[in-house]
Structures are given as structure tokens and as C-alpha cells.
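To keep things clear, I will list the structure first and then write my remarks on it.
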Amino acid sequence: MFKADNRKFRNDLDMIIEKLRNKETFAFSKYADGELSILANKAINNGEFWFNPDTDQASRENLIKSFRFNSEGYYLGIACPCCIGGFPAHNWMKKNSGQDEERMTWANIFVNNNHPHYVENMIPEYKKYEVVVVSNSSSNIDGLPFDVKKHFSIGKNAWTNDYDLVEKIKNYIDENDINRHLFLFCAGPFGNILAHQLFEYNSQNTYIDVGSTLNVMLLGEAGKNRSYLRGGASLNKICSWGS
């Protein structure tokens with residue numbers, strides 16, 4: 001899908017938007033700095049999710065499986081060298097995912113300089129779907145500019161604490177004959193696990209790890225917890241790819 005040579009930040013986003021517009025089914029799972037720490041077996045606690053290498057290896061294994069899952073229609077977003085501190089980590093992610101580079105793009109594809117374009121051109125496509133959202137229990141889904149058919153709420157560190165939700169959503173899909181729906185995950189590393197396991201279970205839906213991009217709509221002022229959501233300088237940042 002993504003062009004391995006001469007790729008551009010905006011072009012890759014437009015390719016995802018086009019897939020939504022064409023009602024193609026796919027999954028997108030993104031791995032930024034927090035997910036990279038877990039994959040590399042490094043402790044992390046950012047207040048939203050955390051990882052202890054001594055106690056959380058089963059959860060880490062689920063994340064690794066999502067990172068290495070290889071299937072047509074399953075796309076990965078990985079940390080770019082300009083946001084992860086250089087090429088070593090970026091290239092490590094490329095190599096260790098085992099993915100074809102044409103199925104990889106930026107983890108930051110919906111944020112930084114792409115965010116206004118995402119809001120203006122991708123979010124309106126959500127209105128054309130039956131939408132299922134997984135997000136924090138404090139979310140106000142009435143603040144979203146599209147209808148939500150079903151909301152599954154999660155708490156902090158959901159990738160370990162709410163893991164049983166995977167089977168609950170599978171049951172929901174089966175019991176309600178859910179196909180051609182759009183699933184949006186605002187769930188930290190749990191979004192990766194959900195995108196993988198649900199797409200593997202039923203590839204007739206679209207599953208997108210949208211991260212923090214809906215935070216302000218869901219949480220109001222409390223959702224402005226990223227620079228790009230506060231109108232910061234990162235809105236001018238056009239991320240670069242690596243070789």
C-alpha cells in the first residue's frame with residue numbers, strides 16, 4: 001500500500017483516508033515511543049499505561065505478537081527517526097517487526113503537521129460507518145462529531161488490566177453479526193493488541209488505533225495532553241522516514 005521509496009508524510013495519510021472512503025477493510029496498529037519501550041523490554045510509566053519487566057511479560061508477549069502479525073490488510077505505524085532520537089531505534093522497529101515496508105508507515109501519521117488534515121478529511125469518513133469506540137471510562141462520546149453504535153470503556157493500563165475485553169468484543173461481533181463496521185481504539189498499547197486480535201478474528205471490519213487524536217472531543221480540556229492538541233509547535237512538524 002505505502003510506497004517504500006520517496007514516501008511523504010501527507011501522502012501516507014491520504015492513502016489511509018482513501019481506503020476508508022472506498023470502504024476497504026483493514027487494520028492499522030501504531031507503535032510510538034511508549035510501545036517501543038515495552039517491545040524493547042524497558043520499564044515505563046507515563047501515567048496512562050505502564051510496564052514492569054519483572055511482572056508484565058505475558059502482556060508484553062501480546063504486544064510483540066501484534067507487532068509481528070503479518071497479514072494482508074494489516075498495517076503498522078512505527079516511530080520515525082526524527083521523533084525517536086535517530087535511526088537505530090527506527091531501523092530496529094523495521095527489522096524486528098518482520099513486516100514488508102510497504103505495509104509500514106509513521107506511528108505519528110495522524111498527528112503533528114498531519115493532524116489538521118486528519119480532522120478535516122479523515123474524521124468525516126467516520127460518519128459513513130457504524131462506529132465502535134474503545135476509550136477511557138471518563139470519555140463523553142456525545143462530544144464526537146459522529147455517531148457511536150457501541151462504546152467499550154477502559155481504565156488506565158488497559159493493556160493489562162482490561163485484557164478480558166478482547167473476548168467480550170469478539171462475543172459482541174458474533175452475537176450482533178458485526179461486519180463492515182469501524183472500530184476506533186483510544187487505548188494506548190491495548191489499541192495495538194485489539195487491532196491485531198480482532199482483525200485476525202474477523203477481517204470484515206476496519207480497526208484503527210487512533211491514539212490520542214480524539215482526546216479533546218472525548219475529554220474536553222483534560223484531553224489536551226499532547227503538544228499538537230494544545231496548538232503547540234509540533235503542529236508544524238512534518239515527520240521524515242528513514243532508510
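Following the order of the C-alpha cells, first chain is A, next is B, and so on, with residues numbered from 1 inside each chain and ligands from 1 in the order they appear.
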Query raised in the report: What's the 12 Å shell around A:Glu61, counting only C-alpha atoms, without same-chain residues fewer than 6 positions away, as a list in words?
Result: Ile38, Leu39, Ala40, Asn41, Phe51, Pro53, Thr55, Phe67, Arg68, Phe69, Trp159, Thr160, Pro189, Asn192 and Ile193 of chain A
Restricted to all heavy atoms, what would the selected residues look like written as a short mmCIF file (atom, residue, chain, number, x, y, z; two decimals), in the first residue's frame?
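Output below, filename part21.cif:
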```cif
data_model
loop_
_atom_site.label_atom_id
_atom_site.label_comp_id
_atom_site.auth_asym_id
_atom_site.auth_seq_id
_atom_site.Cartn_x
_atom_site.Cartn_y
_atom_site.Cartn_z
N ILE A 38 8.22 -0.91 25.66
CA ILE A 38 7.73 -2.22 26.05
C ILE A 38 8.33 -3.30 25.16
O ILE A 38 8.80 -4.35 25.66
CB ILE A 38 6.19 -2.26 26.00
CG1 ILE A 38 5.59 -1.26 26.98
CG2 ILE A 38 5.68 -3.67 26.29
CD1 ILE A 38 4.11 -1.02 26.80
N LEU A 39 8.32 -3.08 23.86
CA LEU A 39 8.88 -4.06 22.93
C LEU A 39 10.34 -4.35 23.26
O LEU A 39 10.79 -5.50 23.16
CB LEU A 39 8.75 -3.56 21.49
CG LEU A 39 7.34 -3.46 20.92
CD1 LEU A 39 7.36 -2.70 19.60
CD2 LEU A 39 6.71 -4.84 20.74
N ALA A 40 11.07 -3.30 23.65
CA ALA A 40 12.49 -3.44 23.97
C ALA A 40 12.73 -3.91 25.42
O ALA A 40 13.87 -3.96 25.87
CB ALA A 40 13.20 -2.12 23.73
N ASN A 41 11.63 -4.21 26.13
CA ASN A 41 11.70 -4.73 27.49
C ASN A 41 12.27 -3.72 28.49
O ASN A 41 12.99 -4.07 29.42
CB ASN A 41 12.51 -6.03 27.54
CG ASN A 41 12.11 -6.92 28.70
OD1 ASN A 41 10.96 -6.93 29.12
ND2 ASN A 41 13.07 -7.67 29.22
N PHE A 51 4.66 -0.43 32.36
CA PHE A 51 5.20 -1.77 32.10
C PHE A 51 6.33 -2.05 33.07
O PHE A 51 7.26 -1.26 33.20
CB PHE A 51 5.72 -1.86 30.66
CG PHE A 51 6.54 -3.08 30.38
CD1 PHE A 51 5.98 -4.36 30.44
CD2 PHE A 51 7.90 -2.97 30.06
CE1 PHE A 51 6.74 -5.49 30.20
CE2 PHE A 51 8.66 -4.09 29.81
CZ PHE A 51 8.09 -5.36 29.88
N PRO A 53 9.08 -4.95 33.64
CA PRO A 53 9.65 -6.16 33.02
C PRO A 53 9.61 -7.39 33.93
O PRO A 53 9.64 -8.52 33.44
CB PRO A 53 11.09 -5.75 32.71
CG PRO A 53 11.06 -4.26 32.61
CD PRO A 53 10.04 -3.82 33.62
N THR A 55 7.10 -8.25 35.97
CA THR A 55 5.75 -8.78 36.23
C THR A 55 4.83 -8.82 35.01
O THR A 55 3.79 -9.49 35.06
CB THR A 55 5.05 -7.95 37.31
OG1 THR A 55 4.95 -6.58 36.88
CG2 THR A 55 5.82 -8.00 38.63
N PHE A 67 2.83 -6.73 17.02
CA PHE A 67 3.88 -6.06 16.26
C PHE A 67 4.37 -6.93 15.10
O PHE A 67 4.72 -6.42 14.03
CB PHE A 67 5.02 -5.72 17.21
CG PHE A 67 6.13 -4.89 16.63
CD1 PHE A 67 5.89 -3.64 16.10
CD2 PHE A 67 7.45 -5.35 16.65
CE1 PHE A 67 6.92 -2.86 15.58
CE2 PHE A 67 8.48 -4.59 16.13
CZ PHE A 67 8.21 -3.34 15.60
N ARG A 68 4.36 -8.22 15.30
CA ARG A 68 4.90 -9.14 14.30
C ARG A 68 3.83 -9.84 13.47
O ARG A 68 4.16 -10.63 12.57
CB ARG A 68 5.78 -10.20 15.00
CG ARG A 68 7.03 -9.59 15.61
CD ARG A 68 7.87 -10.62 16.33
NE ARG A 68 9.12 -10.02 16.81
CZ ARG A 68 9.94 -10.62 17.67
NH1 ARG A 68 9.66 -11.84 18.11
NH2 ARG A 68 11.05 -10.02 18.06
N PHE A 69 2.58 -9.56 13.76
CA PHE A 69 1.49 -10.17 12.99
C PHE A 69 1.60 -9.71 11.54
O PHE A 69 1.68 -8.52 11.25
CB PHE A 69 0.15 -9.78 13.58
CG PHE A 69 -1.03 -10.32 12.83
CD1 PHE A 69 -1.25 -11.69 12.74
CD2 PHE A 69 -1.93 -9.45 12.22
CE1 PHE A 69 -2.35 -12.19 12.05
CE2 PHE A 69 -3.04 -9.94 11.54
CZ PHE A 69 -3.24 -11.32 11.45
N TRP A 159 -4.10 -2.31 28.77
CA TRP A 159 -3.50 -3.42 28.04
C TRP A 159 -3.22 -4.62 28.94
O TRP A 159 -3.11 -5.75 28.47
CB TRP A 159 -2.24 -2.96 27.31
CG TRP A 159 -1.04 -2.71 28.17
CD1 TRP A 159 -0.91 -1.80 29.16
CD2 TRP A 159 0.20 -3.38 28.07
NE1 TRP A 159 0.34 -1.85 29.71
CE2 TRP A 159 1.05 -2.82 29.05
CE3 TRP A 159 0.71 -4.40 27.26
CZ2 TRP A 159 2.36 -3.25 29.24
CZ3 TRP A 159 2.02 -4.82 27.44
CH2 TRP A 159 2.82 -4.24 28.42
N THR A 160 -3.14 -4.37 30.25
CA THR A 160 -3.03 -5.48 31.20
C THR A 160 -4.30 -5.64 32.03
O THR A 160 -4.80 -6.76 32.20
CB THR A 160 -1.83 -5.27 32.16
OG1 THR A 160 -2.02 -4.07 32.91
CG2 THR A 160 -0.53 -5.18 31.39
N PRO A 189 -1.24 0.98 24.35
CA PRO A 189 -0.82 -0.28 23.74
C PRO A 189 -1.94 -1.31 23.63
O PRO A 189 -1.83 -2.26 22.85
CB PRO A 189 0.29 -0.78 24.67
CG PRO A 189 0.13 -0.02 25.94
CD PRO A 189 -0.49 1.28 25.58
N ASN A 192 -3.09 -1.58 20.06
CA ASN A 192 -2.31 -2.48 19.21
C ASN A 192 -2.82 -3.91 19.32
O ASN A 192 -3.00 -4.61 18.31
CB ASN A 192 -0.84 -2.45 19.60
CG ASN A 192 -0.26 -1.05 19.65
OD1 ASN A 192 -0.03 -0.53 20.73
ND2 ASN A 192 -0.04 -0.45 18.51
N ILE A 193 -3.03 -4.34 20.54
CA ILE A 193 -3.46 -5.70 20.80
C ILE A 193 -4.86 -5.94 20.23
O ILE A 193 -5.13 -6.97 19.61
CB ILE A 193 -3.41 -5.99 22.32
CG1 ILE A 193 -1.95 -5.98 22.80
CG2 ILE A 193 -4.09 -7.31 22.65
CD1 ILE A 193 -1.79 -5.93 24.30
#
```
Could you produce a table of the residues of stretch 11-45 of chain A lying within 12 Å of stretch 105-117 of chain A, with the nearest pair of atoms per residue and their separation in Å rounded to one decimal, using only C-alpha atoms, ordered by chain and increasing residue number, as CSV?
```
residue,atom,partner,partner_atom,distance
A:Asn11,CA,A:Ile109,CA,9.8
A:Asp12,CA,A:Thr105,CA,7.0
A:Leu13,CA,A:Ile109,CA,6.1
A:Asp14,CA,A:His117,CA,9.0
A:Met15,CA,A:Thr105,CA,10.6
A:Ile16,CA,A:Ile109,CA,9.5
A:Ile17,CA,A:His117,CA,10.2
A:Phe28,CA,A:Ala107,CA,9.6
A:Ser29,CA,A:Ala107,CA,8.2
A:Lys30,CA,A:Ala107,CA,4.8
A:Tyr31,CA,A:Ala107,CA,5.6
A:Ala32,CA,A:Ala107,CA,5.6
A:Asp33,CA,A:Ala107,CA,9.2
A:Gly34,CA,A:Ala107,CA,11.1
A:Glu35,CA,A:Ala107,CA,10.3
A:Leu36,CA,A:Ala107,CA,10.8
```
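If you count only C-alpha atoms and ignore residues fewer than 2 places along the chain from A:Lys94, what sits within 10 Å of it is Leu76, Ile78, Ala79, Pro88, Ala89, His90, Asn91, Trp92, Asn96, Ser97, Gly98, Gln99, Asp100, Glu101, Met104, Gly242 and Ser243 of chain A.
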Go ahead and write the selection's residues with C-alpha atoms as a short mmCIF file (atom, residue, chain, number, x, y, z; two decimals), in the first residue's frame.
```cif
data_model
loop_
_atom_site.label_atom_id
_atom_site.label_comp_id
_atom_site.auth_asym_id
_atom_site.auth_seq_id
_atom_site.Cartn_x
_atom_site.Cartn_y
_atom_site.Cartn_z
CA LEU A 76 1.92 -0.90 11.14
CA ILE A 78 6.39 2.78 13.63
CA ALA A 79 8.32 5.56 15.32
CA PRO A 88 18.90 2.97 15.37
CA ALA A 89 15.51 2.66 17.09
CA HIS A 90 13.60 3.28 13.85
CA ASN A 91 15.57 0.66 11.97
CA TRP A 92 15.27 -1.75 14.92
CA ASN A 96 12.09 -6.71 14.31
CA SER A 97 8.54 -6.31 13.04
CA GLY A 98 9.32 -8.67 10.17
CA GLN A 99 6.89 -6.65 8.04
CA ASP A 100 7.10 -5.67 4.40
CA GLU A 101 7.97 -1.96 4.39
CA MET A 104 4.58 0.23 7.37
CA GLY A 242 14.30 6.50 7.26
CA SER A 243 16.27 4.19 5.04
#
```
- Return as a VMD selection string the full set of residues in stretch 151-214 of chain A whose backbone-based DSSP assignment is strand (DSSP E or B). chain A and resid 151 to 154 182 to 185 206 to 209
Deliver the residues from the most recent selection as a file, using N, CA, C and O atoms, as a compact mmCIF listing (two decimals), in the first residue's frame.
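Just written: again.txt:
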```
# COMPACT_ATOMS: atom_id res chain seq x y z
N HIS A 151 -19.94 1.73 22.71
CA HIS A 151 -18.74 2.23 23.39
C HIS A 151 -18.31 1.22 24.45
O HIS A 151 -19.10 0.84 25.31
N PHE A 152 -17.05 0.79 24.35
CA PHE A 152 -16.47 -0.06 25.38
C PHE A 152 -15.51 0.80 26.19
O PHE A 152 -14.56 1.38 25.64
N SER A 153 -15.74 0.91 27.49
CA SER A 153 -14.90 1.76 28.32
C SER A 153 -13.77 0.97 28.96
O SER A 153 -13.92 -0.22 29.26
N ILE A 154 -12.65 1.64 29.16
CA ILE A 154 -11.47 1.03 29.77
C ILE A 154 -10.91 1.97 30.82
O ILE A 154 -11.21 3.17 30.84
N LEU A 182 -16.61 0.10 11.74
CA LEU A 182 -15.34 0.77 12.00
C LEU A 182 -15.09 0.79 13.51
O LEU A 182 -15.89 1.33 14.27
N PHE A 183 -13.98 0.19 13.92
CA PHE A 183 -13.58 0.16 15.33
C PHE A 183 -12.44 1.17 15.53
O PHE A 183 -11.42 1.10 14.84
N LEU A 184 -12.61 2.08 16.48
CA LEU A 184 -11.60 3.08 16.79
C LEU A 184 -11.09 2.86 18.20
O LEU A 184 -11.88 2.78 19.15
N PHE A 185 -9.76 2.76 18.34
CA PHE A 185 -9.15 2.46 19.64
C PHE A 185 -8.36 3.64 20.15
O PHE A 185 -7.38 4.08 19.53
N THR A 206 -13.08 -2.82 9.92
CA THR A 206 -11.88 -1.99 9.91
C THR A 206 -11.56 -1.59 11.34
O THR A 206 -12.44 -1.17 12.09
N TYR A 207 -10.28 -1.72 11.70
CA TYR A 207 -9.83 -1.47 13.07
C TYR A 207 -8.68 -0.47 13.04
O TYR A 207 -7.64 -0.74 12.41
N ILE A 208 -8.84 0.67 13.69
CA ILE A 208 -7.81 1.71 13.64
C ILE A 208 -7.43 2.15 15.05
O ILE A 208 -8.27 2.56 15.85
N ASP A 209 -6.15 2.08 15.33
CA ASP A 209 -5.57 2.60 16.56
C ASP A 209 -5.37 4.10 16.36
O ASP A 209 -4.38 4.52 15.76
```
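The space between atom CA of A:Lys128 and atom CA of A:Arg180 spans 10.8 Å.
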| Where in stretch 142-182 of chain A does DSSP assign alpha helix (DSSP H), given as a VMD selection string? | chain A and resid 158 to 161 165 to 175
Could you write out the selected residues, including N, CA, C and O atoms, as a short mmCIF file (atom, residue, chain, number, x, y, z; two decimals), in the first residue's frame?
```cif
data_model
loop_
_atom_site.label_atom_id
_atom_site.label_comp_id
_atom_site.auth_asym_id
_atom_site.auth_seq_id
_atom_site.Cartn_x
_atom_site.Cartn_y
_atom_site.Cartn_z
N ALA A 158 -4.92 -0.29 30.48
CA ALA A 158 -5.92 -1.25 29.99
C ALA A 158 -5.29 -2.46 29.31
O ALA A 158 -5.89 -3.54 29.31
N TRP A 159 -4.10 -2.31 28.77
CA TRP A 159 -3.50 -3.42 28.04
C TRP A 159 -3.22 -4.62 28.94
O TRP A 159 -3.11 -5.75 28.47
N THR A 160 -3.14 -4.37 30.25
CA THR A 160 -3.03 -5.48 31.20
C THR A 160 -4.30 -5.64 32.03
O THR A 160 -4.80 -6.76 32.20
N ASN A 161 -4.86 -4.52 32.50
CA ASN A 161 -5.99 -4.59 33.43
C ASN A 161 -7.32 -4.94 32.79
O ASN A 161 -8.21 -5.47 33.45
N LEU A 165 -11.42 -7.71 27.80
CA LEU A 165 -12.30 -7.03 26.84
C LEU A 165 -12.14 -7.60 25.43
O LEU A 165 -13.07 -7.51 24.62
N VAL A 166 -10.98 -8.18 25.13
CA VAL A 166 -10.78 -8.78 23.80
C VAL A 166 -11.87 -9.80 23.53
O VAL A 166 -12.53 -9.78 22.47
N GLU A 167 -12.10 -10.71 24.46
CA GLU A 167 -13.11 -11.75 24.26
C GLU A 167 -14.52 -11.17 24.29
O GLU A 167 -15.40 -11.64 23.56
N LYS A 168 -14.73 -10.14 25.09
CA LYS A 168 -16.05 -9.50 25.13
C LYS A 168 -16.40 -8.87 23.78
O LYS A 168 -17.55 -8.96 23.32
N ILE A 169 -15.41 -8.25 23.15
CA ILE A 169 -15.68 -7.64 21.85
C ILE A 169 -15.88 -8.71 20.78
O ILE A 169 -16.75 -8.58 19.90
N LYS A 170 -15.11 -9.78 20.85
CA LYS A 170 -15.34 -10.89 19.92
C LYS A 170 -16.76 -11.42 20.06
O LYS A 170 -17.43 -11.71 19.05
N ASN A 171 -17.22 -11.58 21.28
CA ASN A 171 -18.59 -12.04 21.51
C ASN A 171 -19.61 -11.05 20.97
O ASN A 171 -20.63 -11.44 20.38
N TYR A 172 -19.33 -9.77 21.15
CA TYR A 172 -20.21 -8.72 20.62
C TYR A 172 -20.29 -8.82 19.10
O TYR A 172 -21.38 -8.72 18.51
N ILE A 173 -19.15 -9.03 18.45
CA ILE A 173 -19.12 -9.17 17.00
C ILE A 173 -19.97 -10.36 16.55
O ILE A 173 -20.76 -10.26 15.60
N ASP A 174 -19.80 -11.48 17.23
CA ASP A 174 -20.54 -12.69 16.85
C ASP A 174 -22.04 -12.56 17.12
O ASP A 174 -22.87 -12.90 16.26
N GLU A 175 -22.37 -12.10 18.30
CA GLU A 175 -23.78 -12.06 18.71
C GLU A 175 -24.59 -11.05 17.90
O GLU A 175 -25.82 -11.20 17.76
#
```
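The space between atom CA of A:Leu20 and atom CA of A:Tyr201 spans 20.0 Å.
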